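So this block is model-v6.txt, compact mmCIF, C-alpha atoms:
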```txt
# COMPACT_ATOMS: atom_id res chain seq x y z
CA MET C 11 67.28 1.73 -4.91
CA THR C 12 67.71 1.98 -1.11
CA ARG C 13 67.89 -1.77 -0.71
CA PHE C 14 70.46 -2.18 -3.52
CA PHE C 15 72.53 0.69 -2.14
CA LYS C 16 72.59 -0.85 1.33
CA ALA C 17 73.47 -4.25 -0.12
CA ALA C 18 76.43 -2.71 -2.01
CA LEU C 19 77.63 -1.03 1.13
CA LEU C 20 77.38 -4.28 3.03
CA ALA C 21 79.33 -6.12 0.37
CA SER C 22 82.03 -3.45 0.31
CA ALA C 23 82.20 -3.47 4.07
CA ALA C 24 82.60 -7.24 4.08
CA ILE C 25 85.45 -7.16 1.53
CA ALA C 26 87.18 -4.41 3.37
CA ALA C 27 86.74 -6.21 6.67
CA VAL C 28 88.22 -9.43 5.31
CA GLY C 29 91.00 -7.78 3.34
CA GLY C 30 92.13 -5.42 6.08
CA ALA C 31 91.78 -7.61 9.18
CA GLN C 32 94.86 -7.43 11.40
CA ALA C 33 93.49 -8.80 14.65
CA ASP C 34 90.78 -11.16 15.81
CA ASP C 35 89.13 -8.48 17.89
CA ASP C 36 88.79 -6.16 14.93
CA LEU C 37 87.43 -8.99 12.76
CA GLU C 38 84.81 -10.02 15.30
CA ALA C 39 83.66 -6.44 15.74
CA ARG C 40 83.29 -5.98 12.02
CA ILE C 41 81.42 -9.26 11.64
CA ALA C 42 79.02 -8.23 14.42
CA ALA C 43 78.40 -4.92 12.71
CA LEU C 44 77.77 -6.74 9.42
CA GLU C 45 75.25 -9.10 11.06
CA ALA C 46 73.40 -6.15 12.63
CA MET C 47 73.14 -4.42 9.25
CA VAL C 48 71.88 -7.64 7.60
CA ALA C 49 69.23 -8.08 10.35
CA GLU C 50 68.08 -4.47 9.89
CA LEU C 51 67.79 -4.95 6.12
CA LYS C 52 65.83 -8.19 6.62
CA ALA C 53 63.38 -6.48 9.00
CA GLU C 54 62.78 -3.65 6.52
CA LEU C 55 62.14 -6.12 3.70
CA GLU C 56 59.63 -8.09 5.80
CA ALA C 57 57.81 -4.89 6.82
CA GLU C 58 57.50 -3.82 3.17
CA ARG C 59 56.22 -7.27 2.24
CA ASP C 60 53.51 -7.09 4.97
CA ASP C 61 52.43 -3.67 3.69
CA ILE C 62 52.09 -5.03 0.17
CA ILE C 63 49.99 -7.98 1.41
CA ARG C 64 47.69 -5.66 3.39
CA VAL C 65 47.16 -3.39 0.37
CA GLU C 66 46.35 -6.37 -1.84
CA GLN C 67 43.86 -7.72 0.71
CA LYS C 68 42.14 -4.32 1.07
CA THR C 69 41.94 -3.98 -2.71
CA ASP C 70 40.33 -7.42 -3.05
CA GLN C 71 37.81 -6.57 -0.30
CA MET C 72 36.82 -3.29 -1.97
CA ALA C 73 36.45 -5.04 -5.33
CA ASP C 74 34.13 -7.64 -3.74
CA GLU C 75 32.00 -4.91 -2.14
CA VAL C 76 31.68 -3.01 -5.42
CA ALA C 77 30.73 -6.24 -7.21
CA GLU C 78 28.03 -6.96 -4.62
CA VAL C 79 26.49 -3.49 -5.01
CA VAL C 80 26.56 -3.66 -8.82
CA THR C 81 25.01 -7.13 -8.80
CA ALA C 82 22.29 -6.09 -6.34
CA VAL C 83 21.35 -2.98 -8.33
CA ASN C 84 21.35 -4.71 -11.71
CA THR C 85 19.60 -7.88 -10.51
CA PRO C 86 16.58 -6.96 -8.36
CA SER C 87 14.63 -9.82 -6.78
CA ASN C 88 11.30 -10.21 -5.01
CA ASP C 89 13.08 -9.00 -1.89
CA GLY C 90 14.32 -5.85 -3.64
CA PHE C 91 17.92 -4.70 -3.71
CA ARG C 92 20.29 -2.85 -1.43
CA ILE C 93 21.96 0.51 -1.84
CA GLY C 94 24.22 1.01 1.14
CA ASP C 95 22.21 0.23 4.26
CA THR C 96 18.81 0.75 2.57
CA ARG C 97 16.77 -2.03 1.00
CA LEU C 98 14.58 -0.81 -1.87
CA ALA C 99 11.75 -2.64 -3.62
CA PHE C 100 9.75 -1.58 -6.67
CA GLY C 101 6.61 -3.25 -7.94
CA GLY C 102 3.10 -2.74 -9.14
CA LEU C 103 0.26 -3.90 -11.33
CA ILE C 104 -0.56 -3.50 -15.01
CA ASP C 105 -4.31 -3.83 -15.47
CA LEU C 106 -6.62 -3.71 -18.48
CA ASP C 107 -10.35 -3.76 -17.73
CA VAL C 108 -13.13 -3.99 -20.31
CA HIS C 109 -16.56 -3.05 -18.92
CA VAL C 110 -19.92 -3.52 -20.63
CA SER C 111 -22.43 -1.69 -18.43
CA GLU C 112 -26.21 -1.37 -18.65
CA PHE C 113 -27.83 1.34 -16.52
CA SER C 114 -31.59 0.91 -16.19
CA ASP C 115 -32.48 4.51 -15.33
CA GLY C 116 -30.13 6.88 -17.09
CA THR C 117 -26.47 7.21 -17.96
CA VAL C 118 -23.13 8.10 -16.38
CA ALA C 119 -20.85 10.78 -17.86
CA SER C 120 -17.80 9.49 -19.72
CA SER C 121 -15.49 11.35 -17.31
CA SER C 122 -17.06 9.75 -14.22
CA ILE C 123 -15.00 7.31 -12.18
CA ALA C 124 -18.19 5.22 -11.90
CA ARG C 125 -17.49 4.07 -15.46
CA ASP C 126 -14.24 2.45 -14.24
CA PHE C 127 -15.48 0.56 -11.17
CA TYR C 128 -18.61 0.10 -9.07
CA ILE C 129 -19.61 3.12 -6.97
CA PRO C 130 -22.98 2.32 -5.34
CA GLY C 131 -24.11 5.91 -4.82
CA ALA C 132 -23.50 6.77 -8.48
CA THR C 133 -26.02 4.33 -9.98
CA PRO C 134 -28.54 6.50 -11.89
CA VAL C 135 -32.10 6.53 -10.56
CA GLY C 136 -35.24 7.97 -12.10
CA GLY C 137 -34.01 8.27 -15.67
CA GLU C 138 -36.25 7.81 -18.68
CA SER C 139 -34.30 5.18 -20.59
CA SER C 140 -31.63 2.53 -20.23
CA GLU C 141 -28.25 2.62 -21.90
CA VAL C 142 -25.49 0.09 -22.63
CA LEU C 143 -21.91 1.38 -22.58
CA THR C 144 -18.56 -0.30 -23.31
CA ASP C 145 -15.34 1.04 -21.79
CA PHE C 146 -11.70 -0.03 -22.10
CA THR C 147 -9.45 1.30 -19.35
CA ALA C 148 -5.94 0.77 -17.98
CA GLN C 149 -6.24 3.43 -15.26
CA ALA C 150 -6.25 0.88 -12.44
CA SER C 151 -2.59 0.13 -13.20
CA ARG C 152 -0.33 1.12 -10.32
CA PHE C 153 3.24 1.14 -9.06
CA TYR C 154 4.94 1.48 -5.68
CA LEU C 155 8.35 2.03 -4.13
CA THR C 156 9.30 0.88 -0.64
CA ALA C 157 12.43 1.48 1.42
CA ASP C 158 13.59 0.21 4.81
CA GLN C 159 16.72 0.36 6.93
CA ASP C 160 17.97 0.34 10.51
CA ILE C 161 18.89 3.82 11.71
CA GLY C 162 20.45 4.12 15.13
CA GLY C 163 18.70 0.98 16.34
CA HIS C 164 15.29 2.11 14.98
CA GLU C 165 13.45 0.23 12.22
CA VAL C 166 12.56 2.84 9.59
CA SER C 167 10.60 2.11 6.41
CA GLY C 168 8.34 3.87 3.95
CA ARG C 169 6.04 3.30 1.01
CA ILE C 170 4.68 5.46 -1.80
CA GLU C 171 2.07 4.14 -4.23
CA LEU C 172 0.37 5.71 -7.24
CA ASP C 173 -2.29 4.76 -9.78
CA PHE C 174 -4.30 6.61 -12.46
CA LEU C 175 -7.96 6.14 -11.50
CA GLY C 176 -10.16 9.21 -11.34
CA SER C 177 -7.72 11.41 -13.21
CA LEU C 178 -9.32 14.49 -14.74
CA GLN C 179 -6.09 15.51 -16.45
CA GLY C 180 -6.58 13.31 -19.46
CA ASN C 181 -9.14 12.20 -22.03
CA GLU C 182 -9.87 9.40 -24.50
CA ARG C 183 -9.61 11.47 -27.67
CA VAL C 184 -6.04 10.71 -28.76
CA SER C 185 -3.47 9.58 -26.21
CA ASN C 186 -5.41 8.62 -23.06
CA SER C 187 -2.73 10.45 -21.06
CA PHE C 188 -4.06 10.19 -17.53
CA SER C 189 -2.15 11.62 -14.57
CA PRO C 190 -0.98 9.62 -11.55
CA ARG C 191 -2.84 10.05 -8.26
CA LEU C 192 -1.60 9.42 -4.74
CA ARG C 193 -2.82 6.17 -3.15
CA LEU C 194 -0.41 5.62 -0.25
CA ALA C 195 2.48 7.60 1.20
CA TYR C 196 3.71 6.81 4.70
CA VAL C 197 6.77 6.27 6.87
CA ASN C 198 7.12 3.76 9.71
CA VAL C 199 9.37 4.33 12.71
CA ASP C 200 9.34 1.29 14.99
CA ASN C 201 5.65 0.95 16.02
CA TRP C 202 4.53 4.30 14.58
CA ARG C 203 3.14 5.08 11.14
CA PHE C 204 2.85 8.61 9.76
CA GLY C 205 1.22 9.42 6.42
CA GLN C 206 -1.56 8.30 4.10
CA ASP C 207 -2.71 4.69 4.39
CA TRP C 208 -5.86 2.58 4.56
CA THR C 209 -7.93 3.67 7.52
CA THR C 210 -7.27 1.65 10.66
CA PHE C 211 -11.04 1.08 10.75
CA GLN C 212 -10.68 -1.19 7.68
CA ASN C 213 -9.34 -4.74 7.36
CA THR C 214 -8.05 -4.92 3.79
CA SER C 215 -7.83 -8.72 3.83
CA ALA C 216 -11.66 -8.77 3.78
CA ILE C 217 -11.76 -7.20 0.29
CA PRO C 218 -13.15 -9.83 -2.12
CA GLU C 219 -11.12 -10.95 -5.13
CA SER C 220 -12.57 -9.62 -8.37
CA ALA C 221 -11.90 -9.00 -12.03
CA SER C 222 -12.70 -5.30 -11.67
CA PHE C 223 -10.85 -2.82 -9.48
CA LEU C 224 -13.34 -3.08 -6.59
CA ILE C 225 -16.45 -5.12 -5.93
CA LEU C 226 -19.17 -5.36 -3.22
CA SER C 227 -18.32 -1.86 -2.03
CA ASP C 228 -21.90 -1.21 -0.78
CA GLY C 229 -21.37 -2.46 2.79
CA MET C 230 -17.58 -2.32 2.80
CA VAL C 231 -15.43 -0.10 5.00
CA PHE C 232 -13.11 1.40 2.40
CA ILE C 233 -11.07 4.58 2.65
CA ARG C 234 -7.47 5.82 2.47
CA GLN C 235 -6.46 8.99 4.29
CA PRO C 236 -3.65 10.73 6.24
CA GLN C 237 -3.22 9.48 9.79
CA ILE C 238 -0.94 8.81 12.75
CA ARG C 239 -1.08 5.17 13.86
CA TYR C 240 0.49 3.28 16.75
CA THR C 241 0.64 -0.52 16.79
CA ARG C 242 1.40 -2.57 19.87
CA GLY C 243 0.95 -6.30 19.47
CA ASN C 244 -2.60 -7.01 18.35
CA LEU C 245 -3.84 -3.50 19.14
CA GLN C 246 -3.79 -0.46 16.88
CA PHE C 247 -4.69 3.16 17.67
CA SER C 248 -4.91 6.03 15.20
CA LEU C 249 -5.86 9.66 14.77
CA GLU C 250 -7.08 10.24 11.23
CA ASN C 251 -8.12 13.10 8.99
CA GLY C 252 -11.67 14.26 9.71
CA ASP C 253 -14.10 15.33 7.01
CA THR C 254 -17.90 15.56 7.27
CA THR C 255 -20.25 15.06 4.34
CA ILE C 256 -23.77 16.41 4.92
CA THR C 257 -27.10 16.53 3.12
CA PRO C 258 -28.82 19.95 3.22
CA LEU C 259 -32.61 20.32 3.22
CA SER C 260 -32.55 20.85 -0.52
CA GLY C 261 -30.75 17.54 -1.10
CA GLY C 262 -27.40 16.79 -2.68
CA ARG C 263 -24.09 16.70 -0.84
CA ILE C 264 -21.86 19.28 0.84
CA GLU C 265 -18.36 18.49 2.06
CA ALA C 266 -17.74 20.38 5.31
CA ASP C 267 -14.02 20.15 6.03
CA THR C 268 -14.20 22.17 9.26
CA GLN C 269 -13.38 19.56 11.93
CA PHE C 270 -11.28 20.51 14.94
CA VAL C 271 -11.03 17.01 16.45
CA PRO C 272 -9.54 14.21 14.28
CA ASP C 273 -11.29 10.88 13.87
CA GLY C 274 -10.12 8.34 16.45
CA VAL C 275 -9.90 4.59 15.74
CA ILE C 276 -9.05 1.57 17.87
CA ARG C 277 -8.68 -1.91 16.40
CA TYR C 278 -7.89 -5.41 17.67
CA ASN C 279 -6.49 -8.03 15.28
CA HIS C 280 -6.45 -11.77 15.88
CA THR C 281 -4.62 -14.09 13.48
CA GLY C 282 -4.29 -17.86 13.58
CA ASP C 283 -4.40 -21.00 11.47
CA PHE C 284 -8.07 -20.23 10.77
CA GLY C 285 -7.27 -16.88 9.11
CA ASN C 286 -7.80 -13.47 10.71
CA ILE C 287 -10.53 -11.41 12.37
CA SER C 288 -10.50 -7.70 13.28
CA LEU C 289 -12.76 -5.76 15.64
CA ALA C 290 -12.67 -1.97 15.28
CA GLY C 291 -14.37 1.10 16.72
CA ILE C 292 -14.38 4.71 15.55
CA ALA C 293 -15.39 8.01 17.16
CA ARG C 294 -15.89 11.16 15.07
CA GLN C 295 -16.64 14.81 15.40
CA LEU C 296 -19.20 15.82 12.77
CA ARG C 297 -18.97 19.55 12.25
CA ALA C 298 -20.20 21.97 9.61
CA ASP C 299 -19.82 25.73 9.52
CA ILE C 300 -21.47 26.86 6.30
CA PRO C 301 -22.95 30.38 6.31
CA GLY C 302 -26.66 30.34 5.60
CA VAL C 303 -26.85 26.54 5.81
CA VAL C 304 -25.63 25.16 9.14
CA ASP C 305 -23.28 25.90 12.04
CA ASP C 306 -23.33 22.89 14.34
CA SER C 307 -21.42 19.81 15.49
CA ALA C 308 -22.48 16.29 16.49
CA PHE C 309 -20.97 12.98 17.57
CA GLY C 310 -20.48 10.06 15.22
CA TRP C 311 -19.45 6.51 16.00
CA GLY C 312 -19.18 3.07 14.46
CA LEU C 313 -18.28 -0.57 15.14
CA SER C 314 -16.95 -3.09 12.65
CA ALA C 315 -16.07 -6.80 12.51
CA SER C 316 -14.24 -8.11 9.46
CA GLY C 317 -11.82 -10.75 8.32
CA ARG C 318 -10.89 -13.67 6.13
CA VAL C 319 -11.60 -17.19 7.41
CA LYS C 320 -10.31 -20.39 5.82
CA LEU C 321 -12.81 -23.01 4.68
CA GLY C 322 -10.98 -26.27 4.19
CA SER C 323 -7.50 -26.33 2.70
CA ARG C 324 -7.99 -23.79 -0.13
CA ASP C 325 -11.32 -21.97 0.17
CA ASP C 326 -11.90 -18.84 2.22
CA LEU C 327 -14.78 -16.65 3.35
CA ARG C 328 -14.35 -12.86 3.48
CA PHE C 329 -16.74 -10.69 5.44
CA ASN C 330 -17.36 -7.24 6.87
CA VAL C 331 -20.19 -6.14 9.19
CA VAL C 332 -20.40 -2.47 10.14
CA GLY C 333 -22.88 -0.14 11.81
CA GLY C 334 -23.13 3.18 13.60
CA GLU C 335 -24.18 6.81 13.34
CA GLY C 336 -22.46 9.40 11.19
CA LEU C 337 -20.16 6.94 9.40
CA GLY C 338 -20.80 8.60 6.04
CA ARG C 339 -17.76 8.34 3.78
CA TYR C 340 -16.26 5.40 5.70
CA VAL C 341 -18.77 2.91 4.23
CA GLY C 342 -20.08 2.29 0.73
CA LEU C 343 -17.77 4.86 -0.91
CA ASN C 344 -19.91 7.59 0.69
CA ALA C 345 -23.19 6.19 -0.68
CA THR C 346 -24.85 7.97 2.25
CA ASN C 347 -23.72 11.16 3.97
CA ALA C 348 -22.72 11.36 7.63
CA ALA C 349 -25.51 13.74 8.64
CA PHE C 350 -28.56 15.71 7.51
CA VAL C 351 -29.26 19.37 8.19
CA SER C 352 -32.53 19.54 10.11
CA PRO C 353 -35.18 22.26 9.57
CA ALA C 354 -33.86 23.88 12.77
CA GLY C 355 -30.36 24.12 11.26
CA ASP C 356 -28.82 21.33 13.33
CA LEU C 357 -26.77 18.33 12.26
CA GLU C 358 -28.54 15.00 12.64
CA PRO C 359 -26.23 11.95 12.18
CA VAL C 360 -27.46 9.19 9.86
CA ARG C 361 -27.70 5.69 11.32
CA THR C 362 -26.47 3.00 8.91
CA ILE C 363 -25.81 -0.73 8.93
CA GLY C 364 -24.10 -2.72 6.22
CA GLY C 365 -21.90 -5.61 5.35
CA LEU C 366 -20.62 -8.07 2.79
CA VAL C 367 -19.79 -11.74 2.48
CA ALA C 368 -17.81 -13.40 -0.32
CA TRP C 369 -16.72 -16.98 -0.94
CA ARG C 370 -13.53 -17.79 -2.85
CA HIS C 371 -13.21 -21.33 -4.23
CA PRO C 372 -10.04 -22.40 -6.10
CA PHE C 373 -10.28 -25.25 -8.61
CA GLY C 374 -7.83 -26.84 -11.01
CA GLU C 375 -4.22 -25.70 -10.86
CA SER C 376 -4.73 -21.93 -10.79
CA ALA C 377 -8.42 -21.15 -11.42
CA ARG C 378 -10.95 -19.94 -8.85
CA PHE C 379 -14.42 -18.52 -8.72
CA ASN C 380 -15.70 -15.87 -6.32
CA ILE C 381 -19.29 -15.16 -5.38
CA GLY C 382 -20.68 -12.65 -2.90
CA VAL C 383 -23.32 -10.13 -1.85
CA SER C 384 -23.21 -6.75 -0.13
CA GLY C 385 -25.58 -4.07 1.13
CA LEU C 386 -25.85 -0.78 3.02
CA PHE C 387 -29.09 0.44 4.65
CA ALA C 388 -29.65 3.98 5.97
CA ASP C 389 -32.23 5.08 8.54
CA ASN C 390 -32.77 8.58 7.18
CA PRO C 391 -34.75 11.16 9.21
CA ASP C 392 -38.36 11.95 8.30
CA PHE C 393 -37.38 15.30 6.78
CA ALA C 394 -34.79 13.71 4.46
CA ALA C 395 -34.88 14.92 0.88
CA PRO C 396 -36.60 12.51 -1.56
CA GLY C 397 -33.33 12.11 -3.49
CA ALA C 398 -31.38 10.80 -0.49
CA THR C 399 -30.12 7.23 -0.83
CA ARG C 400 -32.05 4.76 1.33
CA ASN C 401 -30.09 1.61 0.46
CA VAL C 402 -27.64 0.12 -2.03
CA GLN C 403 -27.14 -3.59 -2.70
CA SER C 404 -25.09 -5.72 -5.06
CA GLY C 405 -24.03 -9.25 -5.91
CA TYR C 406 -21.33 -10.67 -8.18
CA LEU C 407 -19.77 -13.78 -9.66
CA ALA C 408 -16.17 -13.81 -10.95
CA VAL C 409 -14.05 -16.55 -12.51
CA LEU C 410 -10.30 -15.97 -12.71
CA THR C 411 -7.28 -18.01 -13.74
CA ASP C 412 -3.53 -17.49 -13.99
CA ILE C 413 -2.34 -18.04 -17.56
CA ALA C 414 1.29 -17.43 -16.59
CA PRO C 415 3.13 -16.63 -13.34
CA ARG C 416 1.59 -13.40 -11.95
CA VAL C 417 -0.65 -12.96 -15.02
CA THR C 418 -4.38 -13.29 -14.30
CA VAL C 419 -7.31 -13.11 -16.68
CA GLY C 420 -10.91 -13.22 -15.61
CA GLY C 421 -14.53 -12.45 -16.25
CA GLU C 422 -17.14 -11.06 -13.86
CA ILE C 423 -20.85 -10.30 -13.70
CA LEU C 424 -22.09 -7.62 -11.29
CA TYR C 425 -25.62 -6.58 -10.42
CA GLY C 426 -26.16 -3.43 -8.35
CA ARG C 427 -29.29 -1.66 -7.17
CA ARG C 428 -29.86 1.74 -5.57
CA GLU C 429 -33.07 2.93 -3.90
CA LEU C 430 -33.87 6.51 -2.91
CA GLU C 431 -35.92 7.82 -0.01
CA SER C 432 -38.71 8.56 -2.50
CA GLY C 433 -38.91 4.86 -3.41
CA ALA C 434 -37.38 5.33 -6.87
CA GLU C 435 -34.90 2.65 -7.93
CA GLY C 436 -32.14 2.21 -10.45
CA ASP C 437 -30.16 -0.88 -11.50
CA LEU C 438 -26.75 -1.61 -12.95
CA MET C 439 -25.74 -4.77 -14.79
CA ARG C 440 -22.06 -4.97 -15.70
CA PHE C 441 -19.81 -7.54 -17.33
CA THR C 442 -16.06 -7.10 -16.87
CA PHE C 443 -13.12 -8.80 -18.57
CA SER C 444 -9.69 -8.08 -17.14
CA THR C 445 -6.03 -8.95 -17.61
CA LYS C 446 -3.65 -8.22 -14.74
CA TYR C 447 0.12 -8.59 -14.46
CA ALA C 448 1.60 -8.13 -10.99
CA PHE C 449 5.33 -7.43 -10.84
```

Write out the structure in this file as structure tokens.
Amino acid sequence: MTRFFKAALLASAAIAAVGGAQADDDLEARIAALEAMVAELKAELEAERDDIIRVEQKTDQMADEVAEVVTAVNTPSNDGFRIGDTRLAFGGLIDLDVHVSEFSDGTVASSSIARDFYIPGATPVGGESSEVLTDFTAQASRFYLTADQDIGGHEVSGRIELDFLGSLQGNERVSNSFSPRLRLAYVNVDNWRFGQDWTTFQNTSAIPESASFLILSDGMVFIRQPQIRYTRGNLQFSLENGDTTITPLSGGRIEADTQFVPDGVIRYNHTGDFGNISLAGIARQLRADIPGVVDDSAFGWGLSASGRVKLGSRDDLRFNVVGGEGLGRYVGLNATNAAFVSPAGDLEPVRTIGGLVAWRHPFGESARFNIGVSGLFADNPDFAAPGATRNVQSGYLAVLTDIAPRVTVGGEILYGRRELESGAEGDLMRFTFSTKYAF
């Protein structure tokens, strides 16, 4: 309305100026005034037009940004999706394992995690009869969520991962409703990691491929626990949760969570066209304060070399060699304890040496077979209880193939043997069929 009103005034002024002109001076003055008013009106119109263009451009930009966010959220890829400045990724594994197990010297309770994968120290010894058991399980299925972003010039990321193995909050009677358990939960800030992760003492790339959840665990460094880790180039340093497992004079196992000093680990990683190799060392305080049993501390240590080395264009060799005193739960899924309680009431660390080697050979388009052996040997003290584990050994053969992208089926044969300090032995023969879908 303002523009039309001004235009009407201008028109009226022009008519009046023409109709009532008496002198050239008056006419020129009126024309100049008219031109000034026209210029002012033109400037206002151009300013309004520029505002309209800017609003339209801003609206288009906002619409594009909204479309990008909606597309990213609704169409996740292997690289995840973005919400604001944070990139999120979700994935996991759906796993069905069928185990047919024969224990030579006894049985394993249906609620035991040893029915779901190979735990060397759980192989029965000294039983009166053998038993064949068949188990179907999907408890090795897992899922994870990761997030990363740049905050104030710092690279910040995190990961949380869960599976269902070892859950005691479920049964096989009706619904098989097993509860999730925490596998990993950590945050990274630049070169620092805080939270629960694989121990820095372990090189996870040395874990052999298998149809079951875990294989050749006898001589394998394998543990996840809370820690603080710093990485600088090829070097890693960490302080990790300490926990001492001991064997009293009467035998068995006691967990003495009374450490004051955390476990310290240093590791060097070397990667090249050949694959990777890691060298690691660990120092531990072994401490137990159990009234009537023991009140003492001792020093534990260990050295490890592990890696995955390429053999030709497709094959690889995975290995782990480890030894030390007081390693306990770090090797063989705690097949041997870290220390014994001596007759004098002192802690005596157990010296152990172990390792594994596995060969992976692909053939055809997507098939491969894996074969390997593993063992852990303990130098127990003379006063060790007869039921203490002296050694555990195993070997396996697995054939796997991908029947569709990210879908793997396979079969596996495992033989495991456990020997006690008394000389008694027990064997496990297990066949596993598995189907895995990684997403």

Query - Nearby residues (all atoms listed in the file) at most 8 Å from range 169-175 of chain C, same-chain spacing under 2 positions excluded, as a list in words - result: Ile123, Asp126, Gln149, Ala150, Ser151, Arg152, Phe153, Tyr154, Leu155, Thr156, Ala157, Ser167, Ser177, Phe188, Ser189, Pro190, Arg191, Leu192, Arg193, Leu194, Ala195, Tyr196 and Val197 of chain C

Per residue of range 285-347 of chain C within 12 Å of range 253-262 of chain C, record the nearest atom pair and its distance in Å to one decimal, counting all atoms listed in the file, with rows in chain order and ascending residue number, as JSON lines.
```
{"residue": "C:Arg294", "atom": "CA", "partner": "C:Thr254", "partner_atom": "CA", "distance": 9.2}
{"residue": "C:Gln295", "atom": "CA", "partner": "C:Thr254", "partner_atom": "CA", "distance": 8.3}
{"residue": "C:Leu296", "atom": "CA", "partner": "C:Thr254", "partner_atom": "CA", "distance": 5.7}
{"residue": "C:Arg297", "atom": "CA", "partner": "C:Thr254", "partner_atom": "CA", "distance": 6.5}
{"residue": "C:Ala298", "atom": "CA", "partner": "C:Thr254", "partner_atom": "CA", "distance": 7.2}
{"residue": "C:Asp299", "atom": "CA", "partner": "C:Thr254", "partner_atom": "CA", "distance": 10.6}
{"residue": "C:Ile300", "atom": "CA", "partner": "C:Pro258", "partner_atom": "CA", "distance": 10.5}
{"residue": "C:Gly302", "atom": "CA", "partner": "C:Pro258", "partner_atom": "CA", "distance": 10.9}
{"residue": "C:Val303", "atom": "CA", "partner": "C:Pro258", "partner_atom": "CA", "distance": 7.3}
{"residue": "C:Val304", "atom": "CA", "partner": "C:Pro258", "partner_atom": "CA", "distance": 8.5}
{"residue": "C:Asp305", "atom": "CA", "partner": "C:Ile256", "partner_atom": "CA", "distance": 11.9}
{"residue": "C:Asp306", "atom": "CA", "partner": "C:Ile256", "partner_atom": "CA", "distance": 11.4}
{"residue": "C:Ser307", "atom": "CA", "partner": "C:Thr254", "partner_atom": "CA", "distance": 9.9}
{"residue": "C:Ala308", "atom": "CA", "partner": "C:Thr254", "partner_atom": "CA", "distance": 10.3}
{"residue": "C:Phe309", "atom": "CA", "partner": "C:Thr254", "partner_atom": "CA", "distance": 11.1}
{"residue": "C:Gly310", "atom": "CA", "partner": "C:Thr254", "partner_atom": "CA", "distance": 10.0}
{"residue": "C:Gly336", "atom": "CA", "partner": "C:Thr254", "partner_atom": "CA", "distance": 8.6}
{"residue": "C:Leu337", "atom": "CA", "partner": "C:Thr254", "partner_atom": "CA", "distance": 9.2}
{"residue": "C:Gly338", "atom": "CA", "partner": "C:Thr255", "partner_atom": "CA", "distance": 6.7}
{"residue": "C:Arg339", "atom": "CA", "partner": "C:Thr255", "partner_atom": "CA", "distance": 7.2}
{"residue": "C:Tyr340", "atom": "CA", "partner": "C:Asp253", "partner_atom": "CA", "distance": 10.2}
{"residue": "C:Leu343", "atom": "CA", "partner": "C:Thr255", "partner_atom": "CA", "distance": 11.7}
{"residue": "C:Asn344", "atom": "CA", "partner": "C:Thr255", "partner_atom": "CA", "distance": 8.3}
{"residue": "C:Ala345", "atom": "CA", "partner": "C:Thr255", "partner_atom": "CA", "distance": 10.6}
{"residue": "C:Thr346", "atom": "CA", "partner": "C:Thr255", "partner_atom": "CA", "distance": 8.7}
{"residue": "C:Asn347", "atom": "CA", "partner": "C:Thr255", "partner_atom": "CA", "distance": 5.2}
```

Requested in this report: Work out how far apart CA of Gly364 in chain C and CA of Leu386 in chain C are and give it in Å to one decimal.
Outcome: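 Computed distance, CA of Gly364 in chain C to CA of Leu386 in chain C, equals 4.1 Å.
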
Report task. Would you be able to write out as a ChimeraX atom specification which residues have an atom within 12 Å of (-10.5, -21.6, 0.0) in the file's coordinates, counting all atoms listed in the file? Result -> /C:219,284-285,318-328,368-373,377-380

Contact table range 189-223 of chain C vs range 403-411 of chain C, cut-off 12 Å, shortest pair per residue, only C-alpha atoms, as a tab-separated table:
```
residue	atom	partner	partner_atom	distance
C:Pro218	CA	C:Ala408	CA	10.1
C:Glu219	CA	C:Ala408	CA	8.2
C:Ser220	CA	C:Ala408	CA	6.1
C:Ala221	CA	C:Ala408	CA	6.5
C:Ser222	CA	C:Ala408	CA	9.2
```

Query raised in the report: Quick one: of C:Asn213, C:Ser352, C:Ser185, C:Ser432, who's nearest to Ser314 in chain C, counting only C-alpha atoms?
Result: C:Asn213

Query raised in the report: What is the CA of Gly385 in chain C-CA of Leu103 in chain C distance in Å, reported with one decimal?
Result: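 Answer for the CA of Gly385 in chain C to CA of Leu103 in chain C separation: 28.7 Å.
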
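Picture a line from CA of Arg203 in chain C to CA of Leu249 in chain C; it runs 10.7 Å.
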
Query raised in the report: Using all atoms listed in the file, which of the listed residues (C:Leu357, C:Ala39, C:Leu51, C:Ile423) sits closest to Leu226 in chain C?
Result: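 Looking only at the distances to Leu226 in chain C, the closest residue turns out to be C:Ile423.
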